[in-house]
Amino acid sequence: MVYKPLDKKIFLRYIKLIGWSLEKGGIDWNLYDQNGDFLCSIKIAHGKNTKEEVVAYSINKTEKIFKEKGLLWPPKKKKK
């Protein structure tokens, strides 16, 4: 499957739906689960006049982690 870069705001919305967090590391960003356990590092590309986007490789890594944990990517809003 071909992956495309994803806007940072949309990516943050997806991971917050399931209770995960994204924190700034030394160079890259670190993805943590709801227990605070480190999952992987995420690269966010940005330029002088461009928007911040999560690179395609990091989207692929995130989807693999979702599948390992039995979750659906991209996550859907929970029904009430």
# chains A, B, ... in the order shown; residues from 1 in each chain; ligands from 1
call {"tool": "residues_around", "arguments": {"residues": "Phe11 of chain A", "least_positions_apart": "2", "cutoff": "12 Å", "atoms": "only C-alpha atoms", "output": "JSON, numbers by chain"}}
result
{"A": [5, 6, 7, 8, 9, 13, 14, 15, 16, 17, 18, 20, 21, 22, 31, 42, 43, 44, 52, 53, 54, 55, 56, 58, 59, 62, 63, 73, 74, 75]}
call {"tool": "select_by_dssp", "arguments": {"residues": "chain A", "states": "strand (DSSP E)", "output": "ChimeraX atom specification"}}
result
/A:6-7,21-24,29-32,38-42,44-45,53-54
call {"tool": "write_last_selection", "arguments": {"atoms": "all heavy atoms", "output": "compact mmCIF listing (two decimals), in the first residue's frame"}}
result
# COMPACT_ATOMS: atom_id res chain seq x y z
N LEU A 6 0.69 12.91 6.04
CA LEU A 6 -0.56 13.27 6.71
C LEU A 6 -0.33 14.54 7.52
O LEU A 6 0.71 14.67 8.18
CB LEU A 6 -1.01 12.12 7.60
CG LEU A 6 -2.34 12.21 8.30
CD1 LEU A 6 -3.47 12.24 7.27
CD2 LEU A 6 -2.53 11.03 9.22
N ASP A 7 -1.27 15.45 7.49
CA ASP A 7 -1.17 16.68 8.26
C ASP A 7 -1.01 16.36 9.74
O ASP A 7 -1.66 15.44 10.26
CB ASP A 7 -2.41 17.53 8.01
CG ASP A 7 -2.28 18.91 8.63
OD1 ASP A 7 -1.23 19.54 8.49
OD2 ASP A 7 -3.26 19.35 9.25
N SER A 21 -0.23 9.59 23.02
CA SER A 21 0.30 10.95 23.01
C SER A 21 1.55 11.04 22.15
O SER A 21 2.25 10.05 21.93
CB SER A 21 0.62 11.40 24.43
OG SER A 21 1.63 10.59 24.99
N LEU A 22 1.82 12.24 21.68
CA LEU A 22 2.99 12.53 20.85
C LEU A 22 3.77 13.63 21.54
O LEU A 22 3.23 14.70 21.80
CB LEU A 22 2.54 12.96 19.45
CG LEU A 22 3.60 13.08 18.38
CD1 LEU A 22 4.16 11.70 18.04
CD2 LEU A 22 3.02 13.71 17.13
N GLU A 23 5.03 13.36 21.87
CA GLU A 23 5.86 14.33 22.58
C GLU A 23 7.14 14.58 21.80
O GLU A 23 7.69 13.67 21.19
CB GLU A 23 6.19 13.81 23.98
CG GLU A 23 4.96 13.65 24.85
CD GLU A 23 5.30 13.08 26.22
OE1 GLU A 23 6.50 13.00 26.56
OE2 GLU A 23 4.37 12.73 26.94
N LYS A 24 7.63 15.79 21.88
CA LYS A 24 8.85 16.18 21.18
C LYS A 24 10.05 15.54 21.85
O LYS A 24 10.25 15.63 23.06
CB LYS A 24 8.99 17.71 21.20
CG LYS A 24 10.23 18.23 20.52
CD LYS A 24 10.18 18.04 19.03
CE LYS A 24 11.36 18.76 18.38
NZ LYS A 24 11.90 18.03 17.26
N TRP A 29 9.82 13.12 17.02
CA TRP A 29 8.75 13.08 18.01
C TRP A 29 8.59 11.64 18.48
O TRP A 29 8.85 10.70 17.73
CB TRP A 29 7.45 13.57 17.38
CG TRP A 29 7.48 15.02 17.02
CD1 TRP A 29 8.14 15.60 15.98
CD2 TRP A 29 6.84 16.08 17.71
NE1 TRP A 29 7.95 16.96 15.97
CE2 TRP A 29 7.15 17.28 17.02
CE3 TRP A 29 6.03 16.15 18.82
CZ2 TRP A 29 6.68 18.51 17.43
CZ3 TRP A 29 5.55 17.38 19.22
CH2 TRP A 29 5.88 18.55 18.54
N ASN A 30 8.19 11.45 19.72
CA ASN A 30 8.03 10.12 20.29
C ASN A 30 6.55 9.83 20.50
O ASN A 30 5.81 10.67 21.02
CB ASN A 30 8.77 10.02 21.62
CG ASN A 30 10.25 10.20 21.45
OD1 ASN A 30 10.83 9.80 20.45
ND2 ASN A 30 10.89 10.82 22.42
N LEU A 31 6.14 8.63 20.11
CA LEU A 31 4.76 8.20 20.26
C LEU A 31 4.66 7.29 21.47
O LEU A 31 5.42 6.32 21.58
CB LEU A 31 4.31 7.46 18.98
CG LEU A 31 2.87 6.99 18.92
CD1 LEU A 31 1.92 8.19 18.96
CD2 LEU A 31 2.63 6.18 17.65
N TYR A 32 3.74 7.61 22.39
CA TYR A 32 3.54 6.84 23.61
C TYR A 32 2.10 6.35 23.66
O TYR A 32 1.18 7.04 23.21
CB TYR A 32 3.81 7.71 24.85
CG TYR A 32 5.24 8.17 24.96
CD1 TYR A 32 5.61 9.43 24.53
CD2 TYR A 32 6.21 7.34 25.49
CE1 TYR A 32 6.93 9.87 24.63
CE2 TYR A 32 7.53 7.76 25.60
CZ TYR A 32 7.88 9.02 25.17
OH TYR A 32 9.18 9.44 25.26
N PHE A 38 6.79 3.77 25.47
CA PHE A 38 7.29 4.24 24.17
C PHE A 38 6.93 3.23 23.09
O PHE A 38 7.14 2.02 23.26
CB PHE A 38 8.81 4.42 24.24
CG PHE A 38 9.43 4.78 22.93
CD1 PHE A 38 9.37 6.07 22.45
CD2 PHE A 38 10.09 3.83 22.17
CE1 PHE A 38 9.95 6.42 21.23
CE2 PHE A 38 10.68 4.15 20.97
CZ PHE A 38 10.61 5.46 20.50
N LEU A 39 6.37 3.71 21.97
CA LEU A 39 6.02 2.85 20.85
C LEU A 39 6.99 2.99 19.68
O LEU A 39 7.52 2.00 19.19
CB LEU A 39 4.59 3.15 20.37
CG LEU A 39 3.50 2.90 21.41
CD1 LEU A 39 2.16 3.41 20.89
CD2 LEU A 39 3.43 1.44 21.74
N CYS A 40 7.23 4.22 19.21
CA CYS A 40 8.15 4.46 18.11
C CYS A 40 8.43 5.95 18.00
O CYS A 40 7.81 6.76 18.68
CB CYS A 40 7.60 3.92 16.79
SG CYS A 40 6.16 4.80 16.17
N SER A 41 9.37 6.29 17.13
CA SER A 41 9.65 7.70 16.86
C SER A 41 8.96 8.08 15.56
O SER A 41 8.88 7.29 14.63
CB SER A 41 11.15 7.97 16.79
OG SER A 41 11.72 7.23 15.75
N ILE A 42 8.47 9.31 15.50
CA ILE A 42 7.72 9.82 14.37
C ILE A 42 8.48 11.02 13.79
O ILE A 42 8.89 11.90 14.54
CB ILE A 42 6.30 10.26 14.81
CG1 ILE A 42 5.54 9.11 15.46
CG2 ILE A 42 5.54 10.87 13.65
CD1 ILE A 42 5.18 8.00 14.51
N ILE A 44 8.38 14.38 11.54
CA ILE A 44 7.46 15.40 11.04
C ILE A 44 8.26 16.36 10.17
O ILE A 44 9.22 16.98 10.64
CB ILE A 44 6.75 16.14 12.19
CG1 ILE A 44 5.91 15.14 12.97
CG2 ILE A 44 5.91 17.28 11.65
CD1 ILE A 44 5.14 15.71 14.12
N ALA A 45 7.88 16.44 8.90
CA ALA A 45 8.57 17.31 7.95
C ALA A 45 7.93 18.69 7.99
O ALA A 45 6.72 18.82 8.10
CB ALA A 45 8.47 16.73 6.55
N GLU A 53 3.86 18.08 8.28
CA GLU A 53 3.26 16.83 7.88
C GLU A 53 4.06 15.66 8.45
O GLU A 53 5.28 15.70 8.51
CB GLU A 53 3.25 16.68 6.35
CG GLU A 53 2.34 17.64 5.64
CD GLU A 53 2.40 17.46 4.14
OE1 GLU A 53 3.45 17.10 3.60
OE2 GLU A 53 1.36 17.71 3.52
N VAL A 54 3.32 14.62 8.86
CA VAL A 54 3.95 13.39 9.29
C VAL A 54 4.36 12.65 8.02
O VAL A 54 3.54 12.47 7.12
CB VAL A 54 2.98 12.55 10.14
CG1 VAL A 54 3.64 11.26 10.57
CG2 VAL A 54 2.51 13.34 11.36
